[in-house]
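Engineer: The structure under discussion is supplied below as structure tokens; questions concerning it will follow.
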Amino acid sequence: QLQLVESGGGLVQPGGSLRLSCAASEFTLNYYSVGWFRQVPGKKERGGVLCLSRHDGSEYYQDSLQGRFTINRDYTKNMVYLQMDSLKPEDTAIYYCAADRETDRLYESDYATLDRLDAWGLGTLVTVSS
């Protein structure tokens with residue numbers, strides 16, 4: 001299995017910003033679509049992919065994000081980032097990145113089924129609190 005590593009999580013105040021990173025060391029992300037997912041502590045709701053960067057460079061965002069999150073890639077560093085602005089307490093969650101050669105498989109996934117994809121990470125915790 002291929003592994004991704006997330007970083008950049010932490011504690012941030014409401015209204016603040018945070019940038020998460022997703023790194024691949026054993027393969028190139030160029031030919032993969034990469035998505036971000038989250039697991040909200042204590043909630044059973046298993047929301048789907050928050051946003052994703054398709055391998056053709058196009059992007060998708062859940063409407064619920066209301067333009068607060070931005071996904072982007074650095075092809076030279078083999079990294080994908082999630083810029084999160086105007087953070088709210090309800091954004092508190094473990095954030096995961098995952099990659100797959102077939103974009104549809106990311107749309108069909110949630111945080112609990114990432115192991116069915118080509119690559120996934122173990123997550124990074126984001127806490128939004130004053």
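Residues are referred to by chain and number: the chain letter is A, B, ... according to the order shown in the structure tokens, the number counts from 1 in that chain, and ligands are numbered separately from 1 in the order shown.
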Counting only C-alpha atoms, which residues of segment 9-41 of chain A sit at most 8 Å from some atom of segment 89-108 of chain A, and what is each one's closest atom pair with its distance in Å to one decimal, listed by chain and rising residue number, as a Markdown table?
Structural biologist:
| residue | atom | partner | partner_atom | distance |
| --- | --- | --- | --- | --- |
| A:Pro14 | CA | A:Pro89 | CA | 6.3 |
| A:Cys22 | CA | A:Cys97 | CA | 6.3 |
| A:Leu29 | CA | A:Ala99 | CA | 7.8 |
| A:Tyr31 | CA | A:Arg101 | CA | 6.4 |
| A:Tyr32 | CA | A:Arg101 | CA | 4.5 |
| A:Ser33 | CA | A:Asp100 | CA | 5.5 |
| A:Val34 | CA | A:Ala99 | CA | 4.3 |
| A:Gly35 | CA | A:Ala98 | CA | 5.4 |
| A:Trp36 | CA | A:Cys97 | CA | 4.5 |
| A:Phe37 | CA | A:Tyr96 | CA | 5.1 |
| A:Arg38 | CA | A:Tyr95 | CA | 4.3 |
| A:Gln39 | CA | A:Ile94 | CA | 5.1 |
| A:Val40 | CA | A:Ala93 | CA | 4.3 |
| A:Pro41 | CA | A:Ala93 | CA | 6.1 |
Engineer: From a DSSP calculation on the backbone, collect every residue of segment 17-114 of chain A in helix (DSSP H, G or I) and output the set as a list in words.
Structural biologist: Leu29, Asn30, Tyr31, Asp63, Ser64, Leu65, Pro89, Glu90, Asp91, Thr103, Asp104, Arg105, Leu106, Tyr107, Tyr111, Ala112, Thr113 and Leu114 of chain A
Engineer: Restricting the calculation to only C-alpha atoms, which member of A:Val49, A:Asn78, A:Leu87, A:Ser21 is positioned closest to Ser129 of chain A?
Structural biologist: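 Smallest distance to Ser129 of chain A is found for A:Leu87.
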Engineer: Figure out the distance between atom CA of Leu114 of chain A and atom CA of Thr76 of chain A, please, to one decimal in Å.
Structural biologist: 25.4 Å
Engineer: May I have the residues within 9 Å of segment 2-4 of chain A as a list in words, using only C-alpha atoms and disregarding those fewer than 6 positions away in the same chain?
Structural biologist: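 Near segment 2-4 of chain A, the qualifying residues are Cys22, Ala23, Ala24, Ser25, Glu26, Phe27, Cys97, Ala98, Ala99, Asp118, Ala119, Trp120, Gly121 and Leu122 of chain A.
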Engineer: Contacts of Gly67 of chain A at 12 Å or less, counting only C-alpha atoms, minus same-chain residues fewer than 6 places along, as a list of chain:residue names?
Structural biologist: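 Residues near the query, excluding close chain neighbours: A:Leu50, A:Cys51, A:Tyr60, A:Tyr61, A:Gln83, A:Met84, A:Asp85, A:Ser86, A:Leu87.
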Engineer: Would you return as JSON, numbers by chain the members of segment 63-99 of chain A that DSSP assigns to strand (DSSP E) on this structure's backbone?
Structural biologist: {"A": [69, 70, 71, 72, 73, 74, 79, 80, 81, 82, 83, 84, 93, 94, 95, 96, 97, 98, 99]}
Engineer: To one decimal place, how far is atom CA of Gln13 of chain A from atom CA of Gln66 of chain A in Å?
Structural biologist: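 Atom CA of Gln66 of chain A lies 18.7 Å from atom CA of Gln13 of chain A.
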Engineer: Measure the distance from atom CA of Ala112 of chain A to atom CA of Lys88 of chain A in Å and round it to one decimal.
Structural biologist: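 So the answer is 23.1 Å.
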